[in-house]
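Report on the structure given below.
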Amino acid sequence: MLDSDSSSHDRRIAVVTGASSGIGAASARALAAEGFLVYCAARRIDRLTDLATEIGGVAVACDITDQDAVTALAQKVGGRCDILLNNAGGAIGQDPIETADPADWERMYQINVSGTLRVTQALLPALEAAHGAVIFITSTAAETAYEGGGGYCGVKSAERYLAGSTRLELVARPVRVCEVSPGMVHTKEFSLVRFGGDQAKADAVYAGVDAPLVAEDVAEAVRWIATLPEHVNIDRLVMRPRAQASNWKVARNR
Ligand code: 8X3
């Protein structure tokens, strides 16, 4: 593991937020395998250190809702960033509108939207210097509403429009702005966090589904976008398991 910015490098630089698990960790591995020096950012430094050691990357403790931490991340990365993967985010709760807790919605907005805005702003000069790409991991929750999804569908839609506005605003500048919108992805943490640690509720999300996506499936999409020629912009890539036709239409064997 490198422990500094290594004043870097002829290597291409990638920054992955939410890198401590799931899609973020899988994408960090995929980008490292393509030769990127990956800055692995997340709150949980212990897990990051293991990952960074494994892939020869740099671990950076960073809560993206903390402006000082985000500024420090950008300073550590330095003047060049070829790929920014805005992956940090997640769902909190799946309560109907009648009983949803506004504090959950506010926290989701901080993580998925304003935190993502902070990171994008902080790394934009380095992305532009590298003629790089920013990739937003949104969700099919932004495609349509579903019961209990009001908060999460809302913040993922906001993140989608963050990406869309960025693409319009940067059209004359050398930064690709891309979005990957995954449906059902079975990771250890997404649903567990959503349901406050209730493993039975988390398991029920994937019960009887023949092969939900896994983090590596999304990482492969990230790897592909990251390695496309500079003039090719993937505006949005929507991906689901074959067994899921919409967020509320899922084939289950039970
Ligand atoms: C995860 C997809 O269906 O849980 O981003 O909203 S869903």
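A note on labels: chains of the structure tokens are A, B, ... as shown, every chain counts residues from 1, and ligands are counted from 1 in their shown order.
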Counting only C-alpha atoms and all ligand atoms, name the residues that have an atom within 8 Å of an atom of ligand 1; the answer should be given as JSON, numbers by chain.
{"A": [90, 91, 138, 139, 140, 141, 142, 149, 152, 153, 181, 182, 183, 184, 185, 190, 191, 247, 248]}
Using only C-alpha atoms, determine which residues lie at most 10 Å from stretch 167-174 of chain A, disregarding the query and same-chain residues fewer than 5 positions distant; provide the list as an NGL selection string.
:A and (127-134 or 161-162 or 230-231 or 233 or 235)
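The two atoms in question, atom CA of A:Val177 and atom CA of A:Val77, are spaced 19.3 Å apart.
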Just want the 12 Å neighbourhood of A:Ala59, counted on only C-alpha atoms, with same-chain residues fewer than 2 positions away dropped. Output as a ChimeraX atom specification.
/A:1-5,15-20,25,28,37-57,61-62,73,76-77
Looking only at helix (DSSP H, G or I) from DSSP on the backbone, list the matching residues of stretch 26-201 of chain A as JSON, numbers by chain.
{"A": [26, 27, 28, 29, 30, 31, 32, 33, 45, 46, 47, 48, 49, 50, 51, 52, 53, 54, 55, 67, 68, 69, 70, 71, 72, 73, 74, 75, 76, 77, 102, 103, 104, 105, 106, 107, 108, 109, 110, 111, 112, 113, 114, 115, 116, 117, 118, 119, 120, 121, 122, 123, 124, 125, 126, 127, 128, 129, 130, 140, 141, 142, 150, 151, 152, 153, 154, 155, 156, 157, 158, 159, 160, 161, 162, 163, 164, 165, 166, 167, 168, 169, 190, 191, 192, 193, 194, 199, 200, 201]}
Looking at A:Gly115, A:Gly151, A:Gly93, A:Gly22, which one is nearest to A:Ala202, with distances taken over only C-alpha atoms?
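Going through A:Gly115, A:Gly151, A:Gly93, A:Gly22 one by one, the smallest distance to A:Ala202 is for A:Gly93.
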Stretch 65-97 of chain A: residues DSSP assigns to strand (DSSP E), reported as a list in words:
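Everything in stretch 65-97 of chain A that counts as strand (DSSP E) is Ile83, Leu84, Leu85 and Asn86 of chain A.
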Produce a file of the selected residues containing N, CA and C atoms, as a CSV table (one decimal), in the first residue's frame.
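Done, and the output landed in again.csv:
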```csv
chain,number,residue,atom,x,y,z
A,83,ILE,N,-10.3,9.0,-13.1
A,83,ILE,CA,-11.6,8.5,-12.8
A,83,ILE,C,-12.0,8.8,-11.4
A,84,LEU,N,-13.2,9.4,-11.3
A,84,LEU,CA,-13.8,9.5,-10.0
A,84,LEU,C,-15.1,8.7,-10.0
A,85,LEU,N,-15.1,7.7,-9.1
A,85,LEU,CA,-16.3,6.9,-9.0
A,85,LEU,C,-17.1,7.3,-7.8
A,86,ASN,N,-18.2,8.0,-8.0
A,86,ASN,CA,-19.0,8.5,-7.0
A,86,ASN,C,-20.0,7.3,-6.6
```
Using only C-alpha atoms, which of the listed residues (A:Thr227, A:Gln199, A:Thr65, A:Ser165) sits closest to A:Gln110?
A:Thr65
Choose the residue, out of A:Glu143, A:Asp104, A:Asp68, A:Glu179, that has the smallest atom-to-atom separation from A:Gly196; count only C-alpha atoms.
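Looking only at the distances to A:Gly196, the closest residue turns out to be A:Asp104.
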Quick one: residues within 10 Å of A:Val232, only C-alpha atoms counted, chain neighbours fewer than 5 positions away excluded, as a list in words?
Arg176, Cys178, Ile225 and Thr227 of chain A
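Contact shell of A:Asp101 at 12 Å (only C-alpha atoms; same-chain neighbours under 6 positions omitted): Ile92, Gly93, Gln94, Asp95, Arg107, Met108, Gly148, Gly150 and Gly151 of chain A.
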Selection above as a file: C-alpha atoms, as a PDB file, in the first residue's frame:
```pdb
ATOM      1  CA  ILE A  92     -31.999   4.113   5.011  1.00  0.00           C
ATOM      2  CA  GLY A  93     -35.400   2.607   5.700  1.00  0.00           C
ATOM      3  CA  GLN A  94     -38.211   1.454   3.445  1.00  0.00           C
ATOM      4  CA  ASP A  95     -41.092   2.971   5.302  1.00  0.00           C
ATOM      5  CA  ARG A 107     -29.337  11.570   6.079  1.00  0.00           C
ATOM      6  CA  MET A 108     -29.893   9.878   2.719  1.00  0.00           C
ATOM      7  CA  GLY A 148     -41.603   2.368   0.583  1.00  0.00           C
ATOM      8  CA  GLY A 150     -40.098   7.552  -1.529  1.00  0.00           C
ATOM      9  CA  GLY A 151     -36.947   8.662   0.241  1.00  0.00           C
TER      10      GLY A 151
END
```
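If you measure from each of A:Asp198, A:Asp82, A:Glu159, A:Asp63 to A:Tyr109 using only C-alpha atoms, the closest one turns out to be A:Glu159.
Pairwise distance (atom CA of A:Ala14, atom CA of A:Trp105) equals 29.7 Å.
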Given the choices A:Ala226, A:Leu192, A:Ile234, A:Cys81, which gets closest to A:Leu31 if the distance is worked out from only C-alpha atoms?
A:Ala226
Straight-line distance linking atom CA of A:Val205 with atom CA of A:Arg29, stated in Å to one decimal
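Going from atom CA of A:Val205 over to atom CA of A:Arg29 covers 26.3 Å.
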